[in-house]
Amino acid sequence: MGYIAGEYDVIVVGLGHAGCEAALACARTGCRTLGLTTNLENIALMPCNPSVGGPAKGHLVREIDALGGQMARTVDRARIQLRMLNTGKGPAVQALRAQVDKGRYQSEMRHTLEDQPGLDIKQAMVEDLTCRKGRVEGVVTANGVEYRARAVILTTGVYLDSKVIVGERAYPSGPNGYLPASGLSDGLRRLGLGLGRFKTGTPPRVSGSSVDFSKMAPQYGEVRAPSFSLWAPAPDRPQIPCWLTYTTEETHRVIRANLDRSPLFTGLIEGIGPRYCPSIEDKVVRFPERGGHQIFVEPEGENVDEMYVLGFSTSLPEDVQWRALRTVAGLERAEIVRPGYAIEYDYVIPTQLGPSLEVKSVQGLFCAGQICGSSGYEEAAAQGIVAGLNASLAIRGRESWIPDRSQAYIGTLVDDLVTKGPAEPYRMLTARSEYRLILRQGNADARLTPVGRELGLVSDDQWTFFSRKACCYEAEKARLRFAKVAPSRETVRAMEDTGLGNLSSPASLWELLKRPGVTYDDLAAVDPDRRSDACMCLEETSTGETGVTQGGSGPVREVAGKTVESADVATRGITPAIARELETESKYEGYIDKQLAQVERFKRLENRKLPADMEYVGITGLSNEAKEKLTKIRPVSLGQASRIPGVSSADVSILLVHLERHRRR
C-alpha cells in the first residue's frame, strides 16, 4: 500500500469548469474536499473560445448562478464584452454572451478555490481509483500517493488518454501542451466501465499586431451591459470589440488542394467530432456552394496580443493553416502564435450513470463534464454543480437532487446524457428543451434559488435579496392585474401619444401590457401609482454589492403566499430585469399556461418510479429492443423510460400496466 496523504469527504479529480463547480459545491455544503489537478496553472483553463454564454449556454450559466454556483460571478469579474443575443426573437431564446479575459478568469477562479474554507487544492496526476465491495474509497496518483474519500468526482475533461493531431503528426498531449491523463482510462476499464472516443478541435491563434482590423467589421458589446450574475452588479470593465470577416474562394481553394494532408479525411482522426462546431475543412467540403464562411477575430484578453480566430477550427498542417489564413480579409499578414489542432480523448459512456451522475456500478463515484461526452464550458460547469451537490447529499445520507426537464436546462442536459447517450460531443441547444418557454434566462432564480437554498448553496444575504425581489415581482404583477384604466378623454389622449392603442372600455394595466409592442415603461402614461415613493426597492450599494433597502411603510399583505408591502405602491423597486419578466409573462401568458399543463402531464410519468431491480426480460409484451435498453439503462421513472431510444409508447403503456398490477399485489 502506498503512502496515504490524507482523508477527505470528497475528492474532485480535475479542476476545469466542471471540477471548480463540483469542488465549491461540496465545500460550501460542509464537506471536507480535495481538488486535484495535473497542473495548478490549468485551473479553470479555457483552451477553446474566449467566451461564455449564448443561447441555451447562457441559460445554463444563469441556472448555475441561481443555485449558488460560481461561473457567472467569475465571468462578470473577467469579462471584456457582453451582449444580449437574439433580441429580435422570442424571450425563450434570448441569452447573454460574454467575451472573457482568459487569464483573468483563471486567476479569479483559482483565488475563489484557494479562499474557500474546507477546500484543499493540490497538484497531482491521478492514475487509478481504489474501490472495495462496489464502493469507491479514494484515488492513487502517479507518484504512488493515495488519498482516501467517501466520494470521488471525476471531471477530467478531454485529458483521458488524449492525443493532439496536427496534419500528419499525432502525439500524446492535453490542450495547450498540458500533460494527458494516460493511466486513468485503464483504471476505469478495470472497474468495468465502458469508454468511448470523441474528438474536438480548436482554431489557430494569431498575433493581434499582425491583423488589419480596418478590413473587418467591428462587433461591439452593450454600452450598459447587465451583470451575468443575479447577485451583484458587474465591475465597470472596458468593452473590447470583436471583429467580423469572411473566408474567400481562395481560402477554399487552398483547403481543397490539401485535403489529402487533412487528418480528418486521411483516417488519422478516429474519434467522432461535434456536428455543431465543424472544422473549416469540413465546412468547405460539406457546403461547396458557399462563397464565404463567417470568421470572428476575438481578443483572448485585455492586455494580451493573442487573438482567437472563431470559425476556423482546423487540424490541417501548420503550413496550410498559415496559407489559408492569409487569404482572409484582414489576415493577409497574420502571424500564427498557436496553430489549430484536433484532440482525441476517452469519455465514460454516460448511460452507465444515474440521473444524479453517480456511476451505477460503483457507489460514491460520480462523473461530470466532458468525461460524460458533453462539450463546452457551460455544459461542464452545470454537470459539475449537480455532481458536487449529489456527492455532498450522499455523504450526509440525504436523497439525491435530480433536476427534471421542466425545471431547468440543467435537467434536460443531464437527462439527455444519461438516458440517450451522445452520438457526438453533446452541446446544449434551446431546441433540445420541450419546455423552453418557461425555462427563460430571466426567471432562473425563481425556478432554482429555492432549491439552492434548501441544498445549502445559497447564502443568507442572497436568500434575503431573492426573497425581496420575488415579493416585489409578485406584488407588482398583482397590482397590474388589479389596477383598472377607464377610457376618459385624458387617458385616451395619453394612450395615443404613447402608442398604447385605443381604449373603448375599462381594462387592467396587465391587459394593456399584453398588447404587442407595449413595454412596462409605456404604462407610466396611464398608471397613477408609478410616481409613488412608498415602495420596496432594490438598490446597488456603493461597494458594488447588491443590497436591499426598505422604502415607505405601506400595509403588509399576502401575494402568492409571500408577505409583501402594499401592491398598490410596489413600483419603484421594479428593475429592468423584473420589468422584462412582467412583459414576457403578460404577453405569453396563454402559451405559458399551455406549457405548464404539459408539465403536469410530464410529472405524472416522472412520479411513477420504476424499481431498481425490475426484471424487464420477463415482462410480456415488451419489444426485445425495449427489454435490452431498459435492462441496460435502468431508468428511475416511467418518464425517463419513455425517452430511451428504442422504447416505444406501446412499451410505456405495458410498463404502466405492469406497475399497476405490481402495486395492487
# chains A, B, ... in the order shown; residues from 1 in each chain; ligands from 1
call {"tool": "select_by_dssp", "arguments": {"residues": "segment 477-539 of chain A", "states": "strand (DSSP E)", "output": "list in words"}}
result
Lys484, Val485, Ala507, Ser508, Met536, Cys537, Leu538 and Glu539 of chain A
call {"tool": "residues_around", "arguments": {"residues": "segment 523-531 of chain A", "least_positions_apart": "2", "cutoff": "12 Å", "atoms": "only C-alpha atoms", "output": "PyMOL selection string"}}
result
chain A and resi 476+479-480+482-501+503+507-515+517-521+533-535+566-574+579+582-583
call {"tool": "write_last_selection", "arguments": {"atoms": "N, CA and C atoms", "output": "compact mmCIF listing (two decimals), in the first residue's frame"}}
result
# COMPACT_ATOMS: atom_id res chain seq x y z
N GLU A 476 -46.09 43.56 -7.75
CA GLU A 476 -46.35 44.40 -8.92
C GLU A 476 -47.25 43.68 -9.93
N ARG A 479 -50.68 44.01 -8.64
CA ARG A 479 -51.17 45.38 -8.81
C ARG A 479 -51.59 45.65 -10.25
N LEU A 480 -50.79 45.17 -11.22
CA LEU A 480 -51.11 45.38 -12.63
C LEU A 480 -52.41 44.66 -13.01
N PHE A 482 -54.89 44.16 -10.96
CA PHE A 482 -56.00 44.78 -10.22
C PHE A 482 -56.32 46.19 -10.73
N ALA A 483 -55.27 46.96 -11.05
CA ALA A 483 -55.46 48.37 -11.41
C ALA A 483 -56.18 48.50 -12.76
N LYS A 484 -57.27 49.26 -12.78
CA LYS A 484 -58.07 49.46 -13.98
C LYS A 484 -57.85 50.85 -14.56
N VAL A 485 -57.90 50.92 -15.88
CA VAL A 485 -57.79 52.19 -16.58
C VAL A 485 -59.11 52.44 -17.31
N ALA A 486 -59.74 53.58 -17.00
CA ALA A 486 -61.02 53.92 -17.64
C ALA A 486 -60.77 54.75 -18.90
N PRO A 487 -61.63 54.63 -19.91
CA PRO A 487 -61.42 55.35 -21.18
C PRO A 487 -61.84 56.81 -21.11
N SER A 488 -61.23 57.62 -20.25
CA SER A 488 -61.52 59.05 -20.20
C SER A 488 -60.81 59.75 -21.37
N ARG A 489 -61.21 60.98 -21.60
CA ARG A 489 -60.59 61.74 -22.69
C ARG A 489 -59.09 61.90 -22.46
N GLU A 490 -58.70 62.19 -21.23
CA GLU A 490 -57.28 62.37 -20.91
C GLU A 490 -56.50 61.06 -21.10
N THR A 491 -57.11 59.95 -20.67
CA THR A 491 -56.44 58.65 -20.79
C THR A 491 -56.27 58.25 -22.25
N VAL A 492 -57.33 58.44 -23.03
CA VAL A 492 -57.26 58.07 -24.45
C VAL A 492 -56.18 58.87 -25.15
N ARG A 493 -56.09 60.18 -24.84
CA ARG A 493 -55.07 61.01 -25.46
C ARG A 493 -53.67 60.54 -25.06
N ALA A 494 -53.49 60.23 -23.77
CA ALA A 494 -52.19 59.76 -23.30
C ALA A 494 -51.81 58.43 -23.96
N MET A 495 -52.80 57.57 -24.16
CA MET A 495 -52.52 56.28 -24.79
C MET A 495 -52.13 56.47 -26.25
N GLU A 496 -52.80 57.35 -26.93
CA GLU A 496 -52.46 57.60 -28.33
C GLU A 496 -51.07 58.20 -28.46
N ASP A 497 -50.73 59.12 -27.55
CA ASP A 497 -49.41 59.75 -27.60
C ASP A 497 -48.30 58.75 -27.31
N THR A 498 -48.58 57.76 -26.48
CA THR A 498 -47.55 56.80 -26.07
C THR A 498 -47.51 55.57 -26.97
N GLY A 499 -48.51 55.42 -27.83
CA GLY A 499 -48.54 54.24 -28.69
C GLY A 499 -49.17 53.03 -28.04
N LEU A 500 -49.99 53.25 -27.00
CA LEU A 500 -50.64 52.15 -26.30
C LEU A 500 -51.88 51.64 -27.04
N GLY A 501 -52.34 52.37 -28.04
CA GLY A 501 -53.51 51.95 -28.79
C GLY A 501 -54.79 52.58 -28.26
N LEU A 503 -58.73 52.57 -26.45
CA LEU A 503 -59.36 52.00 -25.26
C LEU A 503 -60.84 52.36 -25.28
N ALA A 507 -59.95 48.63 -18.78
CA ALA A 507 -59.03 47.49 -18.91
C ALA A 507 -57.98 47.59 -17.81
N SER A 508 -57.47 46.45 -17.40
CA SER A 508 -56.42 46.45 -16.38
C SER A 508 -55.08 46.79 -17.04
N LEU A 509 -54.15 47.24 -16.24
CA LEU A 509 -52.80 47.51 -16.75
C LEU A 509 -52.17 46.23 -17.29
N TRP A 510 -52.50 45.10 -16.70
CA TRP A 510 -51.98 43.81 -17.18
C TRP A 510 -52.47 43.52 -18.60
N GLU A 511 -53.73 43.85 -18.87
CA GLU A 511 -54.28 43.65 -20.21
C GLU A 511 -53.63 44.59 -21.22
N LEU A 512 -53.34 45.80 -20.79
CA LEU A 512 -52.65 46.73 -21.68
C LEU A 512 -51.23 46.25 -21.98
N LEU A 513 -50.58 45.68 -20.98
CA LEU A 513 -49.21 45.21 -21.15
C LEU A 513 -49.15 44.03 -22.12
N LYS A 514 -50.25 43.31 -22.27
CA LYS A 514 -50.30 42.19 -23.20
C LYS A 514 -50.20 42.65 -24.66
N ARG A 515 -50.51 43.89 -24.92
CA ARG A 515 -50.57 44.37 -26.30
C ARG A 515 -49.19 44.34 -26.95
N GLY A 517 -45.84 45.21 -28.59
CA GLY A 517 -45.02 46.42 -28.61
C GLY A 517 -45.10 47.28 -27.38
N VAL A 518 -46.04 47.00 -26.47
CA VAL A 518 -46.18 47.81 -25.26
C VAL A 518 -45.19 47.32 -24.21
N THR A 519 -44.43 48.25 -23.66
CA THR A 519 -43.47 47.91 -22.62
C THR A 519 -43.98 48.35 -21.25
N TYR A 520 -43.32 47.89 -20.22
CA TYR A 520 -43.70 48.27 -18.87
C TYR A 520 -43.56 49.78 -18.68
N ASP A 521 -42.51 50.36 -19.26
CA ASP A 521 -42.33 51.81 -19.14
C ASP A 521 -43.45 52.58 -19.82
N ASP A 533 -43.68 57.20 -3.94
CA ASP A 533 -42.38 56.98 -3.32
C ASP A 533 -42.40 55.83 -2.33
N ALA A 534 -43.58 55.44 -1.89
CA ALA A 534 -43.66 54.39 -0.88
C ALA A 534 -43.59 53.04 -1.58
N CYS A 535 -42.47 52.36 -1.49
CA CYS A 535 -42.30 51.10 -2.20
C CYS A 535 -41.12 50.33 -1.63
N SER A 566 -47.59 46.85 0.36
CA SER A 566 -48.80 47.08 -0.41
C SER A 566 -48.53 47.01 -1.91
N ALA A 567 -49.33 46.18 -2.60
CA ALA A 567 -49.15 46.02 -4.05
C ALA A 567 -49.45 47.32 -4.78
N ASP A 568 -50.21 48.22 -4.14
CA ASP A 568 -50.57 49.46 -4.81
C ASP A 568 -49.37 50.39 -4.99
N VAL A 569 -48.32 50.17 -4.21
CA VAL A 569 -47.22 51.12 -4.26
C VAL A 569 -45.88 50.46 -4.57
N ALA A 570 -45.87 49.15 -4.83
CA ALA A 570 -44.60 48.46 -5.08
C ALA A 570 -44.16 48.67 -6.52
N THR A 571 -43.69 49.85 -6.82
CA THR A 571 -43.31 50.13 -8.21
C THR A 571 -41.88 50.62 -8.36
N ARG A 572 -41.36 51.37 -7.40
CA ARG A 572 -40.02 51.94 -7.60
C ARG A 572 -38.94 50.87 -7.60
N GLY A 573 -39.24 49.72 -7.02
CA GLY A 573 -38.25 48.66 -6.97
C GLY A 573 -38.24 47.79 -8.20
N ILE A 574 -38.96 48.15 -9.23
CA ILE A 574 -39.00 47.34 -10.44
C ILE A 574 -37.75 47.62 -11.26
N ALA A 579 -38.98 44.18 -14.96
CA ALA A 579 -39.90 44.72 -15.96
C ALA A 579 -39.96 43.80 -17.18
N LEU A 582 -42.09 40.80 -16.37
CA LEU A 582 -43.51 41.14 -16.36
C LEU A 582 -44.06 41.23 -17.79
N GLU A 583 -43.29 41.85 -18.67
CA GLU A 583 -43.71 41.96 -20.07
C GLU A 583 -43.84 40.57 -20.70
call {"tool": "residues_around", "arguments": {"residues": "segment 445-459 of chain A", "least_positions_apart": "6", "cutoff": "7 Å", "atoms": "only C-alpha atoms", "output": "PyMOL selection string"}}
result
chain A and resi 25+28-29+63+66-68+407
call {"tool": "write_last_selection", "arguments": {"atoms": "N, CA and C atoms", "output": "short mmCIF file (atom, residue, chain, number, x, y, z; two decimals), in the first residue's frame"}}
result
data_model
loop_
_atom_site.label_atom_id
_atom_site.label_comp_id
_atom_site.auth_asym_id
_atom_site.auth_seq_id
_atom_site.Cartn_x
_atom_site.Cartn_y
_atom_site.Cartn_z
N ALA A 25 -19.18 23.39 -4.64
CA ALA A 25 -20.48 22.93 -4.13
C ALA A 25 -20.28 22.01 -2.93
N ARG A 28 -18.86 24.17 0.08
CA ARG A 28 -19.84 25.13 0.60
C ARG A 28 -20.99 24.45 1.33
N THR A 29 -21.18 23.17 1.07
CA THR A 29 -22.24 22.44 1.79
C THR A 29 -21.67 21.62 2.94
N GLU A 63 -28.59 29.47 -14.54
CA GLU A 63 -29.12 28.44 -13.64
C GLU A 63 -28.08 28.04 -12.60
N ALA A 66 -28.10 30.80 -10.14
CA ALA A 66 -29.30 30.79 -9.28
C ALA A 66 -29.19 29.74 -8.19
N LEU A 67 -28.49 28.64 -8.47
CA LEU A 67 -28.30 27.59 -7.47
C LEU A 67 -27.25 27.95 -6.42
N GLY A 68 -26.47 29.01 -6.69
CA GLY A 68 -25.40 29.40 -5.78
C GLY A 68 -24.02 29.06 -6.30
N GLN A 407 -37.84 21.80 -15.09
CA GLN A 407 -37.33 22.68 -14.05
C GLN A 407 -36.14 23.51 -14.51
#
call {"tool": "residues_around", "arguments": {"residues": "Ala149 of chain A", "least_positions_apart": "6", "cutoff": "10 Å", "atoms": "only C-alpha atoms", "output": "list in words"}}
result
Gly6, Glu7, Tyr8, Asp9, Val10, Ile11, Val12, Arg32, Thr33, Leu34, Thr130, Val136, Glu137, Gly138, Val139 and Gly364 of chain A
call {"tool": "closest_atom_pairs", "arguments": {"of": "segment 245-278 of chain A", "to": "segment 341-351 of chain A", "cutoff": "10 Å", "atoms": "only C-alpha atoms", "output": "JSON lines"}}
result
{"residue": "A:Pro263", "atom": "CA", "partner": "A:Ala342", "partner_atom": "CA", "distance": 8.9}
{"residue": "A:Leu264", "atom": "CA", "partner": "A:Ala342", "partner_atom": "CA", "distance": 8.9}
{"residue": "A:Ile269", "atom": "CA", "partner": "A:Glu344", "partner_atom": "CA", "distance": 7.6}
{"residue": "A:Glu270", "atom": "CA", "partner": "A:Glu344", "partner_atom": "CA", "distance": 7.9}
{"residue": "A:Gly271", "atom": "CA", "partner": "A:Glu344", "partner_atom": "CA", "distance": 6.0}
{"residue": "A:Ile272", "atom": "CA", "partner": "A:Glu344", "partner_atom": "CA", "distance": 8.6}
{"residue": "A:Gly273", "atom": "CA", "partner": "A:Glu344", "partner_atom": "CA", "distance": 8.9}
call {"tool": "atom_distance", "arguments": {"atom1": "atom CA of His293 of chain A", "atom2": "atom CA of Thr247 of chain A"}}
result
5.3 Å
